[in-house]
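File shown: entry_2.tsv. Contents: TSV, C-alpha atoms and all ligand atoms.
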```tsv
chain	number	residue	atom	x	y	z
E	125	MET	CA	-12.82	5.17	-23.47
E	126	LYS	CA	-11.48	3.22	-26.45
E	127	ASN	CA	-9.83	4.78	-29.48
E	128	SER	CA	-10.99	2.07	-31.87
E	129	LEU	CA	-13.75	-0.50	-32.05
E	130	LEU	CA	-11.00	-3.11	-32.33
E	131	GLN	CA	-9.78	-2.18	-28.85
E	132	SER	CA	-13.19	-3.09	-27.49
E	133	ILE	CA	-12.60	-6.76	-28.32
E	134	GLY	CA	-12.16	-8.79	-25.12
E	135	ASP	CA	-12.66	-7.95	-21.44
E	136	THR	CA	-16.04	-9.68	-21.51
E	137	LEU	CA	-18.19	-10.22	-18.43
E	138	LEU	CA	-18.09	-13.32	-16.23
E	139	VAL	CA	-21.53	-14.05	-14.79
E	140	LYS	CA	-22.68	-16.70	-12.31
E	141	ILE	CA	-25.03	-19.39	-13.63
E	142	PHE	CA	-26.66	-22.56	-12.24
E	143	GLU	CA	-26.93	-21.27	-8.64
E	144	ASN	CA	-27.73	-24.74	-7.28
E	145	SER	CA	-24.55	-26.36	-8.56
E	146	PRO	CA	-22.35	-28.00	-5.87
E	147	GLY	CA	-19.48	-25.68	-6.97
E	148	SER	CA	-19.61	-22.22	-8.57
E	149	ILE	CA	-20.10	-21.98	-12.32
E	150	TYR	CA	-19.49	-18.71	-14.20
E	151	ALA	CA	-20.26	-18.07	-17.87
E	152	LYS	CA	-17.91	-15.86	-19.88
E	153	LEU	CA	-20.14	-13.84	-22.17
E	154	GLU	CA	-18.16	-13.81	-25.38
E	155	TYR	CA	-21.20	-12.70	-27.34
E	156	LEU	CA	-20.52	-9.22	-25.91
E	157	ASN	CA	-17.58	-8.78	-28.30
E	158	PRO	CA	-18.28	-6.20	-31.06
E	159	GLY	CA	-18.62	-8.87	-33.77
E	160	GLY	CA	-20.79	-10.93	-31.41
E	161	SER	CA	-18.51	-13.90	-30.70
E	162	ILE	CA	-15.29	-15.27	-29.24
E	163	LYS	CA	-13.85	-15.37	-32.75
E	164	ASP	CA	-13.23	-11.59	-32.75
E	165	ARG	CA	-10.22	-12.26	-30.54
E	166	SER	CA	-8.50	-14.88	-32.69
E	167	ALA	CA	-9.31	-13.20	-36.01
E	168	LEU	CA	-7.79	-9.89	-34.84
E	169	TYR	CA	-4.69	-11.64	-33.50
E	170	MET	CA	-4.10	-13.51	-36.77
E	171	VAL	CA	-4.71	-10.41	-38.93
E	172	GLU	CA	-2.42	-8.15	-36.91
E	173	TRP	CA	0.32	-10.78	-36.81
E	174	ALA	CA	0.13	-11.08	-40.63
E	175	GLU	CA	0.36	-7.28	-40.90
E	176	GLN	CA	3.41	-7.21	-38.62
E	177	GLN	CA	5.09	-9.95	-40.71
E	178	GLY	CA	4.36	-8.06	-43.94
E	179	LEU	CA	2.15	-10.92	-45.17
E	180	LEU	CA	-0.93	-8.68	-45.24
E	181	LYS	CA	-0.55	-5.22	-46.74
E	182	PRO	CA	-2.95	-2.45	-47.80
E	183	GLY	CA	-4.78	-3.36	-51.01
E	184	MET	CA	-4.75	-7.10	-50.28
E	185	THR	CA	-7.84	-9.31	-49.86
E	186	ILE	CA	-8.47	-11.51	-46.82
E	187	ILE	CA	-9.86	-14.97	-47.66
E	188	ASP	CA	-10.81	-17.70	-45.17
E	189	ALA	CA	-13.18	-20.55	-44.39
E	190	SER	CA	-15.65	-20.13	-41.53
E	191	SER	CA	-18.78	-21.54	-39.97
E	192	GLY	CA	-19.77	-17.88	-39.59
E	193	ASN	CA	-18.28	-16.20	-36.56
E	194	HIS	CA	-14.64	-16.12	-37.71
E	195	GLY	CA	-15.99	-14.75	-41.00
E	196	ILE	CA	-18.01	-12.08	-39.20
E	197	ALA	CA	-14.92	-11.12	-37.20
E	198	LEU	CA	-12.76	-10.89	-40.35
E	199	ALA	CA	-15.47	-8.89	-42.13
E	200	LEU	CA	-15.65	-6.43	-39.21
E	201	ILE	CA	-11.85	-6.13	-39.02
E	202	GLY	CA	-11.60	-5.82	-42.82
E	203	ALA	CA	-14.18	-3.01	-42.80
E	204	ILE	CA	-12.20	-1.07	-40.19
E	205	LYS	CA	-8.77	-1.68	-41.71
E	206	GLY	CA	-9.84	-1.37	-45.36
E	207	TYR	CA	-9.32	-4.95	-46.61
E	208	PRO	CA	-11.86	-6.65	-48.88
E	209	VAL	CA	-12.90	-9.98	-47.30
E	210	ILE	CA	-14.14	-13.21	-48.93
E	211	ILE	CA	-15.53	-15.96	-46.69
E	212	CYS	CA	-16.16	-19.55	-47.78
E	213	SER	CA	-18.87	-21.23	-45.73
E	214	THR	CA	-21.53	-23.93	-46.07
E	215	ASP	CA	-25.28	-24.20	-46.48
E	216	LYS	CA	-25.50	-25.63	-42.92
E	217	HIS	CA	-24.74	-22.37	-41.15
E	218	SER	CA	-27.33	-19.79	-40.17
E	219	LYS	CA	-28.62	-17.18	-42.60
E	220	GLU	CA	-28.12	-14.48	-39.98
E	221	LYS	CA	-24.39	-15.20	-39.77
E	222	MET	CA	-23.98	-15.07	-43.55
E	223	ASP	CA	-26.10	-11.89	-43.78
E	224	THR	CA	-23.98	-10.32	-41.04
E	225	ILE	CA	-20.79	-11.00	-43.00
E	226	ARG	CA	-22.40	-9.34	-46.04
E	227	ALA	CA	-23.64	-6.43	-43.92
E	228	TYR	CA	-20.01	-5.52	-43.19
E	229	GLY	CA	-19.47	-5.37	-46.98
E	230	ALA	CA	-17.72	-8.73	-47.32
E	231	THR	CA	-18.48	-11.54	-49.79
E	232	VAL	CA	-19.80	-15.00	-48.83
E	233	LEU	CA	-19.28	-18.06	-51.04
E	234	THR	CA	-21.45	-21.02	-50.00
E	235	PHE	CA	-20.46	-24.67	-50.50
E	236	PRO	CA	-22.36	-27.87	-49.66
E	237	SER	CA	-21.85	-29.09	-46.08
E	238	GLY	CA	-20.73	-32.65	-45.44
E	239	PRO	CA	-17.23	-33.27	-46.80
E	240	SER	CA	-14.48	-33.44	-44.16
E	241	LEU	CA	-12.23	-30.38	-44.01
E	242	GLU	CA	-9.43	-32.19	-45.91
E	243	ASP	CA	-11.79	-33.15	-48.78
E	244	PRO	CA	-11.05	-31.02	-51.88
E	245	ASN	CA	-14.75	-30.06	-52.00
E	246	SER	CA	-14.92	-28.76	-48.42
E	247	TYR	CA	-15.38	-25.06	-47.73
E	248	HIS	CA	-11.91	-25.01	-46.15
E	249	SER	CA	-10.27	-26.58	-49.24
E	250	GLN	CA	-12.18	-24.17	-51.47
E	251	ALA	CA	-10.86	-21.23	-49.45
E	252	VAL	CA	-7.28	-22.56	-49.77
E	253	LYS	CA	-7.78	-22.94	-53.55
E	254	LEU	CA	-9.27	-19.46	-53.89
E	255	SER	CA	-6.48	-17.84	-51.91
E	256	LYS	CA	-3.88	-19.56	-54.11
E	257	GLU	CA	-5.68	-18.36	-57.26
E	258	THR	CA	-6.28	-14.79	-56.04
E	259	PRO	CA	-3.28	-12.49	-56.41
E	260	ASN	CA	-2.64	-10.19	-53.44
E	261	SER	CA	-4.64	-12.24	-50.99
E	262	HIS	CA	-3.94	-13.53	-47.52
E	263	MET	CA	-5.56	-16.48	-45.74
E	264	PRO	CA	-5.38	-16.42	-41.92
E	265	ASN	CA	-6.34	-20.13	-42.11
E	266	GLN	CA	-8.05	-20.54	-38.74
E	267	TYR	CA	-8.18	-24.34	-39.03
E	268	CYS	CA	-4.41	-24.73	-39.43
E	269	ASN	CA	-2.90	-21.60	-37.90
E	270	PRO	CA	-1.48	-22.16	-34.38
E	271	LEU	CA	-1.83	-18.40	-33.74
E	272	ASN	CA	-5.56	-19.08	-33.46
E	273	ALA	CA	-4.82	-20.73	-30.09
E	274	THR	CA	-2.07	-18.25	-29.20
E	275	ALA	CA	-4.70	-15.47	-29.32
E	276	HIS	CA	-6.61	-17.15	-26.49
E	277	TYR	CA	-3.39	-17.90	-24.58
E	278	TYR	CA	-2.81	-14.14	-24.39
E	279	GLY	CA	-6.50	-13.13	-24.30
E	280	VAL	CA	-9.30	-15.09	-22.73
E	281	GLY	CA	-6.97	-17.25	-20.58
E	282	PRO	CA	-5.39	-14.37	-18.60
E	283	GLU	CA	-8.78	-12.62	-18.36
E	284	ILE	CA	-10.32	-15.68	-16.69
E	285	TRP	CA	-7.38	-15.93	-14.30
E	286	LYS	CA	-7.68	-12.24	-13.37
E	287	GLN	CA	-11.47	-12.17	-13.12
E	288	THR	CA	-11.56	-15.19	-10.80
E	289	GLU	CA	-8.55	-13.86	-8.83
E	290	GLY	CA	-6.76	-17.14	-9.56
E	291	LYS	CA	-9.59	-19.21	-8.08
E	292	VAL	CA	-10.63	-20.90	-11.33
E	293	THR	CA	-10.46	-24.71	-11.09
E	294	HIS	CA	-12.16	-25.79	-14.35
E	295	LEU	CA	-12.41	-24.46	-17.89
E	296	ILE	CA	-15.22	-25.87	-20.03
E	297	ALA	CA	-15.19	-24.68	-23.64
E	298	ALA	CA	-16.48	-25.83	-27.01
E	299	ALA	CA	-13.96	-27.04	-29.57
E	300	GLY	CA	-14.36	-26.15	-33.22
E	301	THR	CA	-10.87	-25.41	-34.46
E	302	GLY	CA	-9.84	-26.08	-30.84
E	303	GLY	CA	-8.19	-22.66	-30.52
E	304	THR	CA	-10.15	-21.46	-27.49
E	305	VAL	CA	-9.84	-24.56	-25.31
E	306	SER	CA	-6.19	-25.13	-26.28
E	307	GLY	CA	-4.94	-21.55	-25.89
E	308	ALA	CA	-6.90	-20.55	-22.78
E	309	GLY	CA	-6.36	-24.03	-21.32
E	310	LYS	CA	-2.58	-23.84	-21.80
E	311	TYR	CA	-2.39	-20.46	-20.06
E	312	LEU	CA	-4.53	-21.58	-17.13
E	313	LYS	CA	-2.58	-24.82	-16.68
E	314	GLU	CA	0.66	-22.84	-16.61
E	315	MET	CA	-0.81	-20.69	-13.82
E	316	ASN	CA	-2.09	-23.74	-11.92
E	317	PRO	CA	-1.44	-27.28	-13.25
E	318	ASN	CA	-4.39	-28.60	-11.21
E	319	ILE	CA	-6.93	-26.71	-13.32
E	320	GLN	CA	-9.07	-29.16	-15.28
E	321	VAL	CA	-9.53	-28.28	-18.95
E	322	ILE	CA	-12.60	-29.81	-20.56
E	323	GLY	CA	-13.30	-29.66	-24.27
E	324	VAL	CA	-16.86	-29.96	-25.52
E	325	ASP	CA	-17.29	-31.64	-28.90
E	326	ALA	CA	-20.29	-32.57	-31.05
E	327	ALA	CA	-21.10	-36.26	-30.57
E	328	ASN	CA	-21.15	-36.78	-34.35
E	329	SER	CA	-17.90	-34.96	-35.15
E	330	TYR	CA	-14.86	-36.51	-36.83
E	331	ARG	CA	-13.02	-36.63	-33.48
E	332	SER	CA	-15.92	-37.99	-31.41
E	333	THR	CA	-16.72	-40.72	-33.95
E	334	LYS	CA	-13.04	-41.62	-34.48
E	335	GLY	CA	-13.11	-40.63	-38.11
E	336	ASN	CA	-16.65	-41.66	-39.04
E	337	PRO	CA	-18.56	-38.36	-38.73
E	338	LYS	CA	-22.30	-38.00	-39.24
E	339	PRO	CA	-24.22	-34.77	-39.87
E	340	TYR	CA	-25.02	-32.66	-36.82
E	341	LYS	CA	-26.79	-29.37	-36.23
E	342	LEU	CA	-24.61	-27.78	-33.54
E	343	GLU	CA	-22.83	-24.83	-35.19
E	344	GLY	CA	-19.39	-23.33	-34.63
E	345	MET	CA	-18.21	-26.42	-32.76
E	346	GLY	CA	-17.26	-29.98	-33.58
E	347	VAL	CA	-13.73	-31.14	-34.37
E	348	ASP	CA	-14.04	-32.14	-38.02
E	349	SER	CA	-10.43	-32.95	-38.89
E	350	GLU	CA	-7.07	-33.94	-37.40
E	351	SER	CA	-6.92	-30.38	-36.10
E	352	LEU	CA	-3.52	-28.71	-36.12
E	353	VAL	CA	-4.83	-26.14	-33.64
E	354	LEU	CA	-6.22	-28.49	-30.99
E	355	ASP	CA	-3.59	-29.17	-28.30
E	356	ASN	CA	-4.61	-32.46	-26.70
E	357	SER	CA	-1.79	-32.13	-24.15
E	358	VAL	CA	-3.73	-29.46	-22.20
E	359	ILE	CA	-7.17	-31.10	-22.43
E	360	ASP	CA	-8.00	-33.42	-19.53
E	361	GLU	CA	-11.19	-34.76	-21.04
E	362	PHE	CA	-13.77	-34.24	-23.73
E	363	ILE	CA	-17.51	-34.24	-23.18
E	364	GLU	CA	-19.43	-35.18	-26.30
E	365	VAL	CA	-22.85	-33.60	-26.73
E	366	THR	CA	-25.66	-34.55	-29.12
E	367	ASP	CA	-27.78	-32.02	-31.05
E	368	GLU	CA	-30.74	-32.75	-28.82
E	369	GLN	CA	-28.81	-32.31	-25.56
E	370	GLY	CA	-27.18	-29.07	-26.72
E	371	MET	CA	-30.32	-27.57	-28.27
E	372	ASP	CA	-32.55	-28.48	-25.31
E	373	MET	CA	-30.14	-26.80	-22.93
E	374	MET	CA	-29.84	-23.80	-25.28
E	375	LYS	CA	-33.63	-23.36	-25.11
E	376	LYS	CA	-33.60	-23.76	-21.34
E	377	LEU	CA	-30.89	-21.11	-21.01
E	378	ALA	CA	-33.15	-18.63	-22.83
E	379	HIS	CA	-36.48	-19.64	-21.26
E	380	GLU	CA	-35.34	-20.16	-17.66
E	381	TYR	CA	-32.11	-18.20	-17.21
E	382	GLY	CA	-32.37	-15.30	-19.70
E	383	PHE	CA	-29.19	-16.20	-21.57
E	384	LEU	CA	-30.06	-16.04	-25.28
E	385	VAL	CA	-27.04	-17.90	-26.64
E	386	GLY	CA	-26.13	-20.06	-29.62
E	387	PRO	CA	-25.84	-23.85	-29.98
E	388	SER	CA	-22.20	-24.13	-28.88
E	389	SER	CA	-23.08	-22.34	-25.63
E	390	GLY	CA	-26.02	-24.72	-25.18
E	391	ALA	CA	-23.65	-27.67	-25.59
E	392	VAL	CA	-21.11	-26.18	-23.17
E	393	ALA	CA	-23.82	-25.47	-20.58
E	394	TYR	CA	-25.12	-29.04	-20.99
E	395	ALA	CA	-21.58	-30.36	-20.44
E	396	ALA	CA	-21.19	-28.16	-17.33
E	397	TYR	CA	-24.55	-29.28	-15.99
E	398	THR	CA	-23.60	-32.94	-16.32
E	399	TYR	CA	-20.13	-32.29	-14.88
E	400	ALA	CA	-21.48	-30.24	-11.93
E	401	PRO	CA	-22.00	-33.21	-9.52
E	402	ARG	CA	-18.21	-33.72	-9.68
E	403	LEU	CA	-17.51	-30.16	-8.43
E	404	LYS	CA	-16.50	-29.44	-4.82
E	405	PRO	CA	-18.05	-26.43	-3.01
E	406	THR	CA	-14.76	-24.50	-3.35
E	407	ASP	CA	-14.49	-25.17	-7.11
E	408	VAL	CA	-14.90	-22.38	-9.63
E	409	ALA	CA	-15.74	-23.56	-13.16
E	410	VAL	CA	-15.68	-21.13	-16.07
E	411	ILE	CA	-17.71	-21.95	-19.16
E	412	ILE	CA	-17.55	-20.07	-22.44
E	413	PHE	CA	-20.67	-18.70	-24.11
E	414	GLY	CA	-19.30	-18.25	-27.63
E	415	ASP	CA	-22.06	-16.31	-29.38
E	416	SER	CA	-25.61	-15.00	-29.19
E	417	GLY	CA	-28.88	-16.72	-30.00
E	418	ARG	CA	-29.79	-13.73	-32.15
E	419	ALA	CA	-27.62	-15.29	-34.86
E	420	TYR	CA	-29.92	-18.33	-35.06
E	421	LEU	CA	-33.46	-16.97	-34.68
E	422	SER	CA	-34.48	-17.92	-38.24
E	423	LYS	CA	-33.75	-21.58	-37.47
E	424	GLY	CA	-36.60	-21.70	-34.96
E	425	PHE	CA	-34.39	-23.32	-32.32
E	426	TYR	CA	-36.00	-21.43	-29.44
E	427	ALA	CA	-39.66	-22.34	-30.04
E	428	LYS	CA	-41.47	-23.69	-26.94
E	501	LIG	C1	-20.11	-19.77	-31.31
E	501	LIG	C2	-18.81	-20.51	-31.29
E	501	LIG	N1	-18.51	-21.19	-30.18
E	501	LIG	C3	-17.36	-21.90	-30.12
E	501	LIG	C4	-16.49	-21.95	-31.20
E	501	LIG	C5	-15.29	-22.84	-31.11
E	501	LIG	O1	-14.13	-22.10	-30.95
E	501	LIG	P1	-12.74	-22.64	-31.47
E	501	LIG	O2	-12.74	-22.54	-32.95
E	501	LIG	O3	-11.75	-21.71	-30.84
E	501	LIG	O4	-12.58	-24.04	-30.99
E	501	LIG	C6	-16.79	-21.24	-32.36
E	501	LIG	C7	-15.91	-21.29	-33.52
E	501	LIG	O5	-16.22	-20.86	-34.60
E	501	LIG	C8	-17.98	-20.50	-32.41
E	501	LIG	O6	-18.31	-19.81	-33.51
```

I need this file expressed as structure tokens, please.
Amino acid sequence: MKNSLLQSIGDTLLVKIFENSPGSIYAKLEYLNPGGSIKDRSALYMVEWAEQQGLLKPGMTIIDASSGNHGIALALIGAIKGYPVIICSTDKHSKEKMDTIRAYGATVLTFPSGPSLEDPNSYHSQAVKLSKETPNSHMPNQYCNPLNATAHYYGVGPEIWKQTEGKVTHLIAAAGTGGTVSGAGKYLKEMNPNIQVIGVDAANSYRSTKGNPKPYKLEGMGVDSESLVLDNSVIDEFIEVTDEQGMDMMKKLAHEYGFLVGPSSGAVAYAAYTYAPRLKPTDVAVIIFGDSGRAYLSKGFYAK
């Protein structure tokens, strides 16, 4: 029994996938979190840290930029703790995610997609501006706040270690802010330096294109700035995935495996599938399924 919905964040299931792989591959079902994604963990960590530091007090407003899931998590947490929440996002991200933020009673401000995060017109820069202009507000700032990764160092990392009884050999996770792969990767490498940590990025992102990004459809992932959260020292390699590769695998996961997951999970599964021939029979790879396909149904991604 849990005394609060917030206590039900984490402890997600680890389920075997791709039975024919040369090594074992397990998917961590982060869409089972109450807000429906991995971002519940980092949002709660950043909010509670700010409360402990006295930076966030009753009556204040939470403002941040999000591709959707961090915003949903903040909206859920704000509803429970009594903070108004304002989320800056873009017209690229799914209607369901924006409607979900609103359903928790929070406000969504939509900006055009395209500009890099540092551009004054980006949704991130607009959130920074709004938080400066709004008295009594606090911005967790997921794109710049190292606590975003710390949350996963203390959360999903130790869970993976425990659930696999220390047998995990590979972590394969999507990078958006880079918090998940950096935080969980750091913890796992401290437990066993031989563990391989693999980041999955959008092929058209700022990082993948060495500063010349092009539009891409994959949501919630893609390193679109010189990320302050991404810790390259724990990442052994990146696998870069195109929209087509990620979306095709996402469809396949639903149609052939029964995992109805979002685009970042499709990209991660594609990366794992291509990496699988390099696995030994004793290897145990853990991949992260960040959110559910229910958040993208209106986009028609799953049509046969
Ligand atoms: C569905 C999904 N997967 C993966 C990620 C990437 O996680 P991180 O920001 O920790 O790199 C996000 C981030 O928003 C996400 O929403």

Which neighbours of stretch 190-200 of chain E fall inside 7 Å, counting all atoms listed in the file, when residues of the same chain fewer than 3 positions from it are skipped, and could you give them as a PyMOL selection string? chain E and resi 159+161+163-164+167+203-204+209+211-213+217+221-222+224-225+228+230+344

Within 8 Å of ligand LIG 501 (chain E) (all atoms listed in the file), residues as an mmCIF file with C-alpha atoms, in the frame of the given file:
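Listed below is the output, out13.cif:
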```cif
data_model
loop_
_atom_site.group_PDB
_atom_site.id
_atom_site.type_symbol
_atom_site.label_atom_id
_atom_site.label_comp_id
_atom_site.auth_asym_id
_atom_site.auth_seq_id
_atom_site.Cartn_x
_atom_site.Cartn_y
_atom_site.Cartn_z
ATOM 1 C CA SER E 161 -18.510 -13.900 -30.700
ATOM 2 C CA ILE E 162 -15.290 -15.270 -29.240
ATOM 3 C CA LYS E 163 -13.850 -15.370 -32.750
ATOM 4 C CA SER E 166 -8.500 -14.880 -32.690
ATOM 5 C CA SER E 190 -15.650 -20.130 -41.530
ATOM 6 C CA SER E 191 -18.780 -21.540 -39.970
ATOM 7 C CA GLY E 192 -19.770 -17.880 -39.590
ATOM 8 C CA ASN E 193 -18.280 -16.200 -36.560
ATOM 9 C CA HIS E 194 -14.640 -16.120 -37.710
ATOM 10 C CA GLN E 266 -8.050 -20.540 -38.740
ATOM 11 C CA TYR E 267 -8.180 -24.340 -39.030
ATOM 12 C CA ASN E 272 -5.560 -19.080 -33.460
ATOM 13 C CA ALA E 273 -4.820 -20.730 -30.090
ATOM 14 C CA ALA E 297 -15.190 -24.680 -23.640
ATOM 15 C CA ALA E 298 -16.480 -25.830 -27.010
ATOM 16 C CA ALA E 299 -13.960 -27.040 -29.570
ATOM 17 C CA GLY E 300 -14.360 -26.150 -33.220
ATOM 18 C CA THR E 301 -10.870 -25.410 -34.460
ATOM 19 C CA GLY E 302 -9.840 -26.080 -30.840
ATOM 20 C CA GLY E 303 -8.190 -22.660 -30.520
ATOM 21 C CA THR E 304 -10.150 -21.460 -27.490
ATOM 22 C CA VAL E 305 -9.840 -24.560 -25.310
ATOM 23 C CA SER E 306 -6.190 -25.130 -26.280
ATOM 24 C CA GLU E 343 -22.830 -24.830 -35.190
ATOM 25 C CA GLY E 344 -19.390 -23.330 -34.630
ATOM 26 C CA MET E 345 -18.210 -26.420 -32.760
ATOM 27 C CA GLY E 346 -17.260 -29.980 -33.580
ATOM 28 C CA VAL E 347 -13.730 -31.140 -34.370
ATOM 29 C CA LEU E 354 -6.220 -28.490 -30.990
ATOM 30 C CA GLY E 386 -26.130 -20.060 -29.620
ATOM 31 C CA PRO E 387 -25.840 -23.850 -29.980
ATOM 32 C CA SER E 388 -22.200 -24.130 -28.880
ATOM 33 C CA SER E 389 -23.080 -22.340 -25.630
ATOM 34 C CA ILE E 412 -17.550 -20.070 -22.440
ATOM 35 C CA PHE E 413 -20.670 -18.700 -24.110
ATOM 36 C CA GLY E 414 -19.300 -18.250 -27.630
ATOM 37 C CA ASP E 415 -22.060 -16.310 -29.380
ATOM 38 C CA SER E 416 -25.610 -15.000 -29.190
#
```

Between E:Val292, E:Val321, E:Ala400, E:Leu153, which has the minimum distance to E:Ile359 (counting all atoms listed in the file)?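 Comparing E:Val292, E:Val321, E:Ala400, E:Leu153 against E:Ile359, the winner is E:Val321.
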
Return the single residue from E:Asn336, E:Ser349, E:Ser357, E:Gln369 that is closest to E:Gly323, with distances computed using only C-alpha atoms.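 Once distances to E:Gly323 are computed over only C-alpha atoms, the minimum belongs to E:Ser357.
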
What separation in Å, quoted to one decimal, exists between atom CA of E:Lys375 and atom CA of E:Val410? 20.2 Å

In Å to one decimal, how far is atom CA of E:Ile133 from atom CA of E:Tyr169?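 Here the two named atoms are 10.6 Å from each other.
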
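Here atom CA of E:Lys140 is placed at a distance of 16.0 Å from atom CA of E:Tyr399.
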
Under the rule that only C-alpha atoms are counted, which of E:Thr293, E:Lys205, E:Asp188, E:Ser329 is the nearest residue to E:Pro317?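 Closest to E:Pro317 of all the choices is E:Thr293.
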
Which residue, E:Ile210, E:Ile322, E:Val385, E:Ala393, has the smallest gap to E:Ala189 when you use only C-alpha atoms? E:Ile210

Could you tell me which of E:Ala396, E:Asp223, E:Leu156, E:Asn318 comes closest to E:Tyr420 if we count only C-alpha atoms? E:Asp223

Could you check which of E:Thr258, E:Thr398, E:Ser240, E:Ser218 is closest to E:Ile296, using only C-alpha atoms?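 Selected residue with least distance to E:Ile296: E:Thr398.
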
Considering only C-alpha atoms, return as a ChimeraX atom specification whatever protein or nucleic-acid residues lie within 10 Å of E:Gln250, sequence-local ones (same chain, fewer than 2 positions apart) excluded. /E:188-189,212-213,233-235,241,243-248,252-256

Have stretch 202-222 of chain E completed to N, CA and C atoms, please, and pass it along as a short mmCIF file (atom, residue, chain, number, x, y, z; two decimals), in the frame of the given file.
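Saved result, out18.cif, follows:
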```
data_model
loop_
_atom_site.label_atom_id
_atom_site.label_comp_id
_atom_site.auth_asym_id
_atom_site.auth_seq_id
_atom_site.Cartn_x
_atom_site.Cartn_y
_atom_site.Cartn_z
N GLY E 202 -11.88 -6.28 -41.46
CA GLY E 202 -11.60 -5.82 -42.82
C GLY E 202 -12.25 -4.47 -43.09
N ALA E 203 -13.47 -4.29 -42.59
CA ALA E 203 -14.18 -3.01 -42.80
C ALA E 203 -13.40 -1.88 -42.13
N ILE E 204 -12.91 -2.13 -40.93
CA ILE E 204 -12.20 -1.07 -40.19
C ILE E 204 -10.83 -0.79 -40.80
N LYS E 205 -10.14 -1.85 -41.22
CA LYS E 205 -8.77 -1.68 -41.71
C LYS E 205 -8.69 -1.48 -43.22
N GLY E 206 -9.83 -1.65 -43.92
CA GLY E 206 -9.84 -1.37 -45.36
C GLY E 206 -9.47 -2.55 -46.25
N TYR E 207 -9.59 -3.78 -45.76
CA TYR E 207 -9.32 -4.95 -46.61
C TYR E 207 -10.63 -5.55 -47.12
N PRO E 208 -10.73 -5.83 -48.43
CA PRO E 208 -11.86 -6.65 -48.88
C PRO E 208 -11.75 -8.04 -48.25
N VAL E 209 -12.89 -8.67 -47.97
CA VAL E 209 -12.90 -9.98 -47.30
C VAL E 209 -13.81 -10.93 -48.07
N ILE E 210 -13.32 -12.15 -48.31
CA ILE E 210 -14.14 -13.21 -48.93
C ILE E 210 -14.17 -14.40 -47.98
N ILE E 211 -15.38 -14.86 -47.63
CA ILE E 211 -15.53 -15.96 -46.69
C ILE E 211 -16.20 -17.15 -47.40
N CYS E 212 -15.57 -18.31 -47.28
CA CYS E 212 -16.16 -19.55 -47.78
C CYS E 212 -16.86 -20.25 -46.62
N SER E 213 -18.14 -20.56 -46.80
CA SER E 213 -18.87 -21.23 -45.73
C SER E 213 -19.75 -22.33 -46.35
N THR E 214 -20.69 -22.86 -45.54
CA THR E 214 -21.53 -23.93 -46.07
C THR E 214 -23.00 -23.59 -45.90
N ASP E 215 -23.83 -24.41 -46.55
CA ASP E 215 -25.28 -24.20 -46.48
C ASP E 215 -25.85 -24.63 -45.13
N LYS E 216 -25.02 -25.21 -44.24
CA LYS E 216 -25.50 -25.63 -42.92
C LYS E 216 -25.68 -24.43 -41.98
N HIS E 217 -24.85 -23.42 -42.16
CA HIS E 217 -24.74 -22.37 -41.15
C HIS E 217 -25.81 -21.29 -41.31
N SER E 218 -26.13 -20.62 -40.19
CA SER E 218 -27.33 -19.79 -40.17
C SER E 218 -27.27 -18.62 -41.16
N LYS E 219 -28.46 -18.29 -41.65
CA LYS E 219 -28.62 -17.18 -42.60
C LYS E 219 -28.17 -15.87 -41.95
N GLU E 220 -28.49 -15.72 -40.66
CA GLU E 220 -28.12 -14.48 -39.98
C GLU E 220 -26.60 -14.27 -40.00
N LYS E 221 -25.84 -15.36 -39.80
CA LYS E 221 -24.39 -15.20 -39.77
C LYS E 221 -23.88 -14.78 -41.15
N MET E 222 -24.42 -15.41 -42.19
CA MET E 222 -23.98 -15.07 -43.55
C MET E 222 -24.40 -13.64 -43.91
#
```
